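Source file target23.pdb; content: PDB, C-alpha atoms.
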MODEL        1
ATOM      1  CA  MET Q 885      97.861  91.530 132.765
ATOM      2  CA  SER Q 886      99.575  94.877 132.082
ATOM      3  CA  ARG Q 887      97.706  97.867 130.646
ATOM      4  CA  SER Q 888      99.510  97.473 127.321
ATOM      5  CA  GLN Q 889      98.567  93.773 127.144
ATOM      6  CA  ALA Q 890      94.955  94.565 128.063
ATOM      7  CA  ARG Q 891      94.772  97.246 125.380
ATOM      8  CA  ARG Q 892      95.884  94.924 122.598
ATOM      9  CA  GLY Q 893      92.951  94.900 120.230
ATOM     10  CA  PRO Q 894      91.171  92.041 118.519
ATOM     11  CA  ALA Q 895      92.753  90.285 115.562
ATOM     12  CA  GLY Q 896      91.541  91.715 112.281
ATOM     13  CA  LEU Q 897      91.637  95.383 113.293
ATOM     14  CA  PRO Q 898      94.474  97.935 113.375
ATOM     15  CA  ALA Q 899      96.600  98.129 116.509
ATOM     16  CA  TRP Q 900      96.697 101.464 118.319
ATOM     17  CA  ASP Q 901      99.232 102.316 121.039
ATOM     18  CA  ARG Q 902      96.481 103.922 123.133
ATOM     19  CA  CYS Q 903      92.814 103.474 123.887
ATOM     20  CA  ALA Q 904      90.858 103.771 120.641
ATOM     21  CA  VAL Q 905      87.841 106.046 120.218
ATOM     22  CA  MET Q 906      84.687 104.639 118.624
ATOM     23  CA  GLY Q 907      82.304 107.339 117.454
ATOM     24  CA  VAL Q 908      78.557 106.660 117.384
ATOM     25  CA  VAL Q 909      76.214 107.243 114.464
ATOM     26  CA  ASN Q 910      72.597 106.424 115.357
ATOM     27  CA  VAL Q 911      70.524 106.092 112.189
ATOM     28  CA  THR Q 912      67.354 106.078 114.283
ATOM     29  CA  PRO Q 913      64.456 108.446 114.961
ATOM     30  CA  ASP Q 914      64.326 107.653 118.680
ATOM     31  CA  SER Q 915      67.795 107.420 120.207
ATOM     32  CA  PHE Q 916      67.986 108.577 123.829
ATOM     33  CA  SER Q 917      71.047 110.646 122.957
ATOM     34  CA  ASP Q 918      70.435 112.473 119.697
ATOM     35  CA  GLY Q 919      66.716 112.023 119.038
ATOM     36  CA  GLY Q 920      66.854 111.297 115.309
ATOM     37  CA  GLN Q 921      69.439 113.944 114.458
ATOM     38  CA  TRP Q 922      71.213 111.588 112.024
ATOM     39  CA  PHE Q 923      68.212 109.589 110.771
ATOM     40  CA  ASP Q 924      68.639 110.810 107.196
ATOM     41  CA  PRO Q 925      71.298 108.599 105.517
ATOM     42  CA  GLU Q 926      73.163 111.526 103.957
ATOM     43  CA  LEU Q 927      73.356 113.272 107.312
ATOM     44  CA  ALA Q 928      74.458 110.019 108.952
ATOM     45  CA  VAL Q 929      77.324 109.604 106.486
ATOM     46  CA  LYS Q 930      78.375 113.212 106.977
ATOM     47  CA  ARG Q 931      78.240 112.699 110.749
ATOM     48  CA  GLY Q 932      80.488 109.654 110.489
ATOM     49  CA  LEU Q 933      83.033 111.557 108.425
ATOM     50  CA  ASP Q 934      82.896 114.468 110.872
ATOM     51  CA  LEU Q 935      83.572 112.098 113.792
ATOM     52  CA  VAL Q 936      86.655 110.765 112.034
ATOM     53  CA  ALA Q 937      87.843 114.337 111.414
ATOM     54  CA  GLN Q 938      87.421 114.970 115.160
ATOM     55  CA  GLY Q 939      89.618 111.988 116.031
ATOM     56  CA  ALA Q 940      87.453 108.859 115.922
ATOM     57  CA  ASP Q 941      89.421 105.720 115.075
ATOM     58  CA  LEU Q 942      86.306 103.796 114.064
ATOM     59  CA  VAL Q 943      82.604 104.569 113.681
ATOM     60  CA  ASP Q 944      79.761 102.430 115.068
ATOM     61  CA  VAL Q 945      76.610 102.555 112.921
ATOM     62  CA  GLY Q 946      73.320 101.388 114.431
ATOM     63  CA  GLY Q 947      69.750 101.391 113.170
ATOM     64  CA  GLU Q 948      67.836 100.249 116.245
ATOM     65  CA  SER Q 949      67.545 102.097 119.536
ATOM     66  CA  THR Q 950      68.470 100.070 122.626
ATOM     67  CA  ARG Q 951      67.459 102.730 125.138
ATOM     68  CA  PRO Q 952      65.510 101.405 128.152
ATOM     69  CA  GLY Q 953      61.914 100.679 127.126
ATOM     70  CA  ALA Q 954      62.582 100.800 123.384
ATOM     71  CA  ALA Q 955      60.530  98.536 121.127
ATOM     72  CA  ARG Q 956      62.278  96.701 118.312
ATOM     73  CA  VAL Q 957      62.097  97.678 114.640
ATOM     74  CA  ASP Q 958      61.691  95.002 111.983
ATOM     75  CA  ALA Q 959      64.661  93.603 110.086
ATOM     76  CA  ALA Q 960      63.766  95.229 106.762
ATOM     77  CA  GLU Q 961      63.669  98.692 108.344
ATOM     78  CA  GLU Q 962      66.936  98.153 110.183
ATOM     79  CA  LEU Q 963      68.611  97.053 106.944
ATOM     80  CA  ARG Q 964      67.211 100.087 105.120
ATOM     81  CA  ARG Q 965      68.662 102.405 107.744
ATOM     82  CA  VAL Q 966      72.055 100.814 108.229
ATOM     83  CA  VAL Q 967      73.466  99.242 105.077
ATOM     84  CA  PRO Q 968      73.655 102.365 102.839
ATOM     85  CA  VAL Q 969      75.422 104.305 105.600
ATOM     86  CA  VAL Q 970      77.899 101.502 106.237
ATOM     87  CA  ARG Q 971      78.603 101.209 102.498
ATOM     88  CA  GLU Q 972      79.257 104.923 102.033
ATOM     89  CA  LEU Q 973      81.470 105.276 105.088
ATOM     90  CA  ALA Q 974      83.481 102.156 104.245
ATOM     91  CA  ALA Q 975      83.937 103.391 100.668
ATOM     92  CA  ALA Q 976      85.330 106.624 102.116
ATOM     93  CA  GLY Q 977      87.947 104.645 104.036
ATOM     94  CA  VAL Q 978      86.278 104.735 107.459
ATOM     95  CA  LEU Q 979      86.757 101.732 109.737
ATOM     96  CA  VAL Q 980      83.114 100.837 110.402
ATOM     97  CA  SER Q 981      81.498  98.807 113.166
ATOM     98  CA  VAL Q 982      77.876  97.715 112.869
ATOM     99  CA  ASP Q 983      75.732  97.887 116.013
ATOM    100  CA  THR Q 984      73.082  95.205 115.579
ATOM    101  CA  MET Q 985      71.477  92.193 117.242
ATOM    102  CA  ARG Q 986      70.361  90.670 113.922
ATOM    103  CA  ALA Q 987      72.395  88.172 111.917
ATOM    104  CA  THR Q 988      70.946  89.374 108.598
ATOM    105  CA  VAL Q 989      71.945  92.962 109.327
ATOM    106  CA  ALA Q 990      75.419  91.915 110.449
ATOM    107  CA  GLU Q 991      75.896  89.789 107.326
ATOM    108  CA  GLN Q 992      74.822  92.509 104.913
ATOM    109  CA  ALA Q 993      76.757  95.215 106.775
ATOM    110  CA  LEU Q 994      79.923  93.088 106.628
ATOM    111  CA  ALA Q 995      79.354  92.603 102.906
ATOM    112  CA  ALA Q 996      78.995  96.395 102.594
ATOM    113  CA  GLY Q 997      82.363  96.963 104.255
ATOM    114  CA  ALA Q 998      81.874  96.862 108.032
ATOM    115  CA  ARG Q 999      84.862  95.414 109.888
ATOM    116  CA  LEU Q1000      83.439  94.733 113.373
ATOM    117  CA  VAL Q1001      80.103  93.441 114.691
ATOM    118  CA  ASN Q1002      78.974  95.095 117.929
ATOM    119  CA  ASP Q1003      76.072  92.999 119.249
ATOM    120  CA  VAL Q1004      74.705  94.287 122.559
ATOM    121  CA  SER Q1005      73.177  90.856 123.167
ATOM    122  CA  GLY Q1006      76.472  89.054 122.619
ATOM    123  CA  GLY Q1007      74.778  86.692 120.178
ATOM    124  CA  GLN Q1008      71.829  85.852 122.429
ATOM    125  CA  ALA Q1009      69.079  87.764 120.611
ATOM    126  CA  ASP Q1010      69.513  85.975 117.281
ATOM    127  CA  PRO Q1011      70.776  82.381 117.114
ATOM    128  CA  GLY Q1012      72.093  83.097 113.627
ATOM    129  CA  MET Q1013      74.496  85.814 114.779
ATOM    130  CA  ILE Q1014      77.400  83.703 116.013
ATOM    131  CA  PRO Q1015      77.451  81.464 112.900
ATOM    132  CA  VAL Q1016      77.466  84.574 110.667
ATOM    133  CA  VAL Q1017      80.315  86.179 112.582
ATOM    134  CA  ALA Q1018      82.267  82.922 112.676
ATOM    135  CA  ALA Q1019      81.866  82.354 108.931
ATOM    136  CA  ALA Q1020      82.965  85.915 108.156
ATOM    137  CA  GLY Q1021      85.939  85.772 110.527
ATOM    138  CA  ALA Q1022      84.887  89.172 111.818
ATOM    139  CA  PRO Q1023      85.842  90.729 115.158
ATOM    140  CA  PHE Q1024      82.896  90.538 117.537
ATOM    141  CA  VAL Q1025      81.834  92.503 120.636
ATOM    142  CA  VAL Q1026      80.237  90.351 123.334
ATOM    143  CA  MET Q1027      78.359  92.643 125.715
ATOM    144  CA  HIS Q1028      76.825  91.757 129.060
ATOM    145  CA  TRP Q1029      73.071  91.524 128.392
ATOM    146  CA  ARG Q1030      70.099  90.134 130.257
ATOM    147  CA  GLY Q1031      67.258  90.755 127.842
ATOM    148  CA  GLN Q1032      65.574  93.186 125.472
ATOM    149  CA  SER Q1033      65.340  96.912 126.178
ATOM    150  CA  ILE Q1034      61.590  96.814 126.712
ATOM    151  CA  ASP Q1035      61.990  95.238 130.165
ATOM    152  CA  MET Q1036      65.699  95.241 130.954
ATOM    153  CA  ASN Q1037      65.309  97.562 133.942
ATOM    154  CA  ASN Q1038      63.409  94.769 135.707
ATOM    155  CA  ARG Q1039      66.486  92.554 135.348
ATOM    156  CA  ALA Q1040      68.839  94.912 137.219
ATOM    157  CA  VAL Q1041      69.024  92.667 140.282
ATOM    158  CA  TYR Q1042      72.437  91.526 141.583
ATOM    159  CA  ALA Q1043      73.864  90.170 144.804
ATOM    160  CA  ASP Q1044      77.382  91.012 143.557
ATOM    161  CA  VAL Q1045      77.303  92.949 140.287
ATOM    162  CA  LEU Q1046      81.009  92.560 139.489
ATOM    163  CA  ALA Q1047      81.105  88.803 140.103
ATOM    164  CA  GLU Q1048      77.864  88.208 138.215
ATOM    165  CA  VAL Q1049      78.813  90.355 135.218
ATOM    166  CA  LEU Q1050      82.188  88.607 135.034
ATOM    167  CA  ALA Q1051      80.563  85.175 135.172
ATOM    168  CA  GLU Q1052      77.922  86.046 132.576
ATOM    169  CA  LEU Q1053      80.499  87.611 130.261
ATOM    170  CA  ARG Q1054      82.615  84.463 130.541
ATOM    171  CA  THR Q1055      79.564  82.412 129.563
ATOM    172  CA  GLY Q1056      78.996  84.694 126.561
ATOM    173  CA  LEU Q1057      82.636  84.438 125.567
ATOM    174  CA  ASP Q1058      82.527  80.652 125.810
ATOM    175  CA  ARG Q1059      79.290  80.556 123.803
ATOM    176  CA  ALA Q1060      80.839  82.551 120.967
ATOM    177  CA  VAL Q1061      83.989  80.428 120.900
ATOM    178  CA  ALA Q1062      81.958  77.203 120.954
ATOM    179  CA  GLY Q1063      80.051  78.579 117.954
ATOM    180  CA  GLY Q1064      83.243  79.013 115.959
ATOM    181  CA  VAL Q1065      84.254  82.629 116.641
ATOM    182  CA  ASP Q1066      88.035  82.997 116.959
ATOM    183  CA  PRO Q1067      88.684  84.014 120.589
ATOM    184  CA  GLU Q1068      91.406  86.380 119.365
ATOM    185  CA  ARG Q1069      88.701  88.348 117.556
ATOM    186  CA  ILE Q1070      86.405  88.841 120.567
ATOM    187  CA  VAL Q1071      85.991  92.085 122.532
ATOM    188  CA  ILE Q1072      84.052  92.230 125.801
ATOM    189  CA  ASP Q1073      81.809  95.040 127.036
ATOM    190  CA  PRO Q1074      80.346  95.203 130.585
ATOM    191  CA  GLY Q1075      77.096  96.673 129.235
ATOM    192  CA  LEU Q1076      76.842  99.845 131.274
ATOM    193  CA  GLY Q1077      73.188 100.864 131.573
ATOM    194  CA  PHE Q1078      71.851  97.547 130.295
ATOM    195  CA  ALA Q1079      69.951  95.829 133.120
ATOM    196  CA  LYS Q1080      71.933  97.960 135.571
ATOM    197  CA  ASP Q1081      71.186 100.937 137.770
ATOM    198  CA  ALA Q1082      73.565 103.832 138.459
ATOM    199  CA  ASP Q1083      75.262 102.135 141.400
ATOM    200  CA  HIS Q1084      75.880  99.002 139.329
ATOM    201  CA  ASP Q1085      77.464 101.068 136.545
ATOM    202  CA  LEU Q1086      79.707 102.969 138.929
ATOM    203  CA  THR Q1087      80.811  99.764 140.643
ATOM    204  CA  LEU Q1088      81.797  98.227 137.312
ATOM    205  CA  LEU Q1089      83.750 101.334 136.345
ATOM    206  CA  ALA Q1090      85.525 101.235 139.706
ATOM    207  CA  HIS Q1091      86.635  97.671 138.946
ATOM    208  CA  LEU Q1092      87.559  97.765 135.269
ATOM    209  CA  ALA Q1093      90.911  96.150 136.060
ATOM    210  CA  GLU Q1094      89.136  92.992 137.224
ATOM    211  CA  LEU Q1095      87.421  92.631 133.843
ATOM    212  CA  HIS Q1096      90.838  92.025 132.307
ATOM    213  CA  ALA Q1097      90.743  88.618 134.000
ATOM    214  CA  LEU Q1098      88.712  87.476 130.976
ATOM    215  CA  GLY Q1099      91.785  88.028 128.839
ATOM    216  CA  ARG Q1100      90.042  89.905 126.044
ATOM    217  CA  PRO Q1101      90.101  93.550 124.884
ATOM    218  CA  LEU Q1102      87.613  95.737 126.712
ATOM    219  CA  LEU Q1103      85.132  98.209 125.210
ATOM    220  CA  VAL Q1104      83.671 100.795 127.604
ATOM    221  CA  ALA Q1105      80.440 102.456 126.439
ATOM    222  CA  ALA Q1106      79.445 105.043 129.048
ATOM    223  CA  SER Q1107      78.615 107.926 126.742
ATOM    224  CA  ARG Q1108      75.776 110.164 127.971
ATOM    225  CA  LYS Q1109      74.185 107.318 129.926
ATOM    226  CA  ARG Q1110      71.657 107.658 132.733
ATOM    227  CA  PHE Q1111      74.140 106.993 135.530
ATOM    228  CA  LEU Q1112      76.152 110.061 134.466
ATOM    229  CA  GLY Q1113      72.987 112.135 134.617
ATOM    230  CA  ARG Q1114      72.339 110.871 138.138
ATOM    231  CA  VAL Q1115      75.882 111.745 139.213
ATOM    232  CA  LEU Q1116      75.674 115.225 137.698
ATOM    233  CA  ALA Q1117      72.256 115.868 139.229
ATOM    234  CA  ALA Q1118      73.804 115.478 142.699
ATOM    235  CA  GLY Q1119      70.439 114.781 144.298
ATOM    236  CA  ALA Q1120      68.397 117.170 142.170
ATOM    237  CA  ALA Q1121      65.092 115.877 140.894
ATOM    238  CA  THR Q1122      65.924 116.239 137.199
ATOM    239  CA  PRO Q1123      69.243 115.055 135.750
ATOM    240  CA  PRO Q1124      70.747 117.117 132.933
ATOM    241  CA  PRO Q1125      69.726 115.990 129.436
ATOM    242  CA  ALA Q1126      71.899 113.527 127.534
ATOM    243  CA  ARG Q1127      73.617 116.189 125.433
ATOM    244  CA  GLU Q1128      74.885 117.914 128.582
ATOM    245  CA  ARG Q1129      76.810 114.826 129.726
ATOM    246  CA  ASP Q1130      79.756 114.970 127.322
ATOM    247  CA  ALA Q1131      82.280 116.353 129.815
ATOM    248  CA  ALA Q1132      81.307 113.589 132.230
ATOM    249  CA  THR Q1133      81.702 111.094 129.394
ATOM    250  CA  ALA Q1134      85.231 112.359 128.711
ATOM    251  CA  ALA Q1135      86.058 111.879 132.396
ATOM    252  CA  VAL Q1136      85.050 108.216 132.110
ATOM    253  CA  THR Q1137      87.092 107.965 128.911
ATOM    254  CA  ALA Q1138      90.220 109.118 130.741
ATOM    255  CA  ILE Q1139      89.639 106.568 133.508
ATOM    256  CA  ALA Q1140      88.944 103.751 131.055
ATOM    257  CA  ALA Q1141      92.061 104.584 129.074
ATOM    258  CA  ARG Q1142      94.214 104.524 132.212
ATOM    259  CA  GLU Q1143      92.686 101.169 133.145
ATOM    260  CA  GLY Q1144      93.719  99.616 129.843
ATOM    261  CA  ALA Q1145      90.454  99.665 127.883
ATOM    262  CA  TRP Q1146      90.897  98.815 124.218
ATOM    263  CA  ALA Q1147      88.284 101.392 123.169
ATOM    264  CA  VAL Q1148      85.591 103.759 124.365
ATOM    265  CA  ARG Q1149      82.317 104.304 122.519
ATOM    266  CA  VAL Q1150      81.212 107.956 122.532
ATOM    267  CA  HIS Q1151      78.724 110.271 120.848
ATOM    268  CA  GLU Q1152      80.978 113.359 120.843
ATOM    269  CA  VAL Q1153      84.534 112.503 119.903
ATOM    270  CA  HIS Q1154      86.766 115.532 120.349
ATOM    271  CA  ALA Q1155      87.107 115.586 124.142
ATOM    272  CA  SER Q1156      87.504 111.818 124.379
ATOM    273  CA  ALA Q1157      90.123 111.821 121.603
ATOM    274  CA  ASP Q1158      92.079 114.370 123.661
ATOM    275  CA  ALA Q1159      91.539 112.357 126.852
ATOM    276  CA  VAL Q1160      92.971 109.109 125.474
ATOM    277  CA  ARG Q1161      96.063 110.893 124.212
ATOM    278  CA  VAL Q1162      96.669 112.581 127.551
ATOM    279  CA  ALA Q1163      96.180 109.269 129.349
ATOM    280  CA  ARG Q1164      98.708 107.653 127.030
ATOM    281  CA  ALA Q1165     101.227 110.461 127.600
ATOM    282  CA  ILE Q1166     100.906 110.049 131.378
ATOM    283  CA  GLU Q1167     101.313 106.278 131.061
ATOM    284  CA  THR Q1168     104.457 106.809 128.968
ATOM    285  CA  ALA Q1169     105.882 109.282 131.472
ATOM    286  CA  ALA Q1170     105.334 106.797 134.297
ATOM    287  CA  ALA Q1171     107.126 103.966 132.509
ATOM    288  CA  PRO Q1172     110.821 103.223 133.122
ATOM    289  CA  GLY Q1173     112.781 105.330 130.669
ATOM    290  CA  GLY Q1174     109.900 107.768 130.243
ATOM    291  CA  PRO Q1175     110.389 111.464 129.439
ATOM    292  CA  ALA Q1176     111.577 112.406 132.948
ATOM    293  CA  ALA Q1177     114.000 109.477 133.300
TER     294      ALA Q1177
ENDMDL
END
Step by step, read the file and then write its structure as structure tokens.
Amino acid sequence: MSRSQARRGPAGLPAWDRCAVMGVVNVTPDSFSDGGQWFDPELAVKRGLDLVAQGADLVDVGGESTRPGAARVDAAEELRRVVPVVRELAAAGVLVSVDTMRATVAEQALAAGARLVNDVSGGQADPGMIPVVAAAGAPFVVMHWRGQSIDMNNRAVYADVLAEVLAELRTGLDRAVAGGVDPERIVIDPGLGFAKDADHDLTLLAHLAELHALGRPLLVAASRKRFLGRVLAAGAATPPPARERDAATAAVTAIAAREGAWAVRVHEVHASADAVRVARAIETAAAPGGPAA
């Protein structure tokens, strides 16, 4: 599969000629990355609009932290956090993704104008999710997931992380299709940081091309994650805090874009928006008939 074929996005969303940039809006008080900075709905909407102004192609709105060790919030609270923000951003013309593991939240967010459901469990956490997505005909992100955040670190055990993630993603893809989701509307995500240690994450990033064997668009969500902190610490006892990992995130963005990822999910957009455009320009220059031909 060529990079251009791999980058072709899911049916139901716009087509970009480069890797897309998904900006993150966490409407939570306890995100590992921004610590409740956008918990107020008005601030969350403003943040989403700012991300678009910085170059985000779509905005992912989530109301439940999935950081390692996080406890779940109840459905009513997640709905209260998410739906008003989705509605306001969609009304402003923003292409909105909803980041949720709950079918009720996905259903109401879609009704409020969301265009994509990004479920980190790939439909495993809530048996109602796949039927809701199938009935709505919505694009759907199937991420590699081995269990809830509260104990996912205990599940980071692999004999061959690439082979096992590929096999488990294929199972998730098949599960969604069997439940009625159009395969042309499915995106896959290797789940960096979810039931994986730093070496697992780096191995998956080193082998992004192999993930294209699943034949679906690829979302890479490395932004500010623990493995980047470990790399930047270079053996020091304390990794830099999440907000000091944006340059490292942009480096992963450039690599993912060159490897044909459909989109990257990032907290700070500007550098990654520049990175995907540079990657596309280099890809164009390398093609037969490119600028130097």
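The two atoms in question, atom CA of Gln1008 of chain Q and atom CA of Val945 of chain Q, are spaced 19.8 Å apart.
Proximity ranking of Q:Asp1058, Q:Asp1010, Q:Asp1081, Q:Glu926 relative to Asn1038 of chain Q places Q:Asp1081 first, based on all atoms listed in the file.
For the atom pair formed by atom CA of Thr1133 of chain Q and atom CA of Leu1116 of chain Q, the distance is 11.1 Å, given to one decimal.
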If I take atom CA of Gly1064 of chain Q and atom CA of Ala1020 of chain Q, how far is one from the other in Å, to one decimal?
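So the answer is 10.4 Å.
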Pick from Q:Ala1138, Q:Ala1097, Q:Ala1051, Q:Val989 nearest to Val1162 of chain Q, counting only C-alpha atoms:
Q:Ala1138
Can you give me, as a VMD selection string, the residues this file yields under the PyMOL selection byres ((chain Q and resi 942) around 6)?
chain Q and resid 906 940 to 941 943 979 to 980
Got time to write the residues from that selection, C-alpha atoms, as a PDB file, keeping the file's coordinate frame?
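Result saved to part.pdb:
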ATOM      1  CA  MET Q 906      84.687 104.639 118.624  1.00  0.00           C
ATOM      2  CA  ALA Q 940      87.453 108.859 115.922  1.00  0.00           C
ATOM      3  CA  ASP Q 941      89.421 105.720 115.075  1.00  0.00           C
ATOM      4  CA  VAL Q 943      82.604 104.569 113.681  1.00  0.00           C
ATOM      5  CA  LEU Q 979      86.757 101.732 109.737  1.00  0.00           C
ATOM      6  CA  VAL Q 980      83.114 100.837 110.402  1.00  0.00           C
TER       7      VAL Q 980
END
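Of the listed residues Q:Val936, Q:Ala1169, Q:Ala993, Q:Val1071, the one whose atoms come nearest to Ala1145 of chain Q is Q:Val1071, with distances taken using all atoms listed in the file.
The neighbours of Ala1105 of chain Q here are the residues that come within 7 Å of it, using only C-alpha atoms and leaving out any residue fewer than 4 positions away in the same chain; they are Leu1076, Val1148, Arg1149 and Val1150 of chain Q.
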What residues come out when you apply the PyMOL selection byres ((chain Q and resi 991) around 12) to this file, written as a PyMOL selection string?
chain Q and resi 963+966-967+970+982-990+992-1001+1012-1022
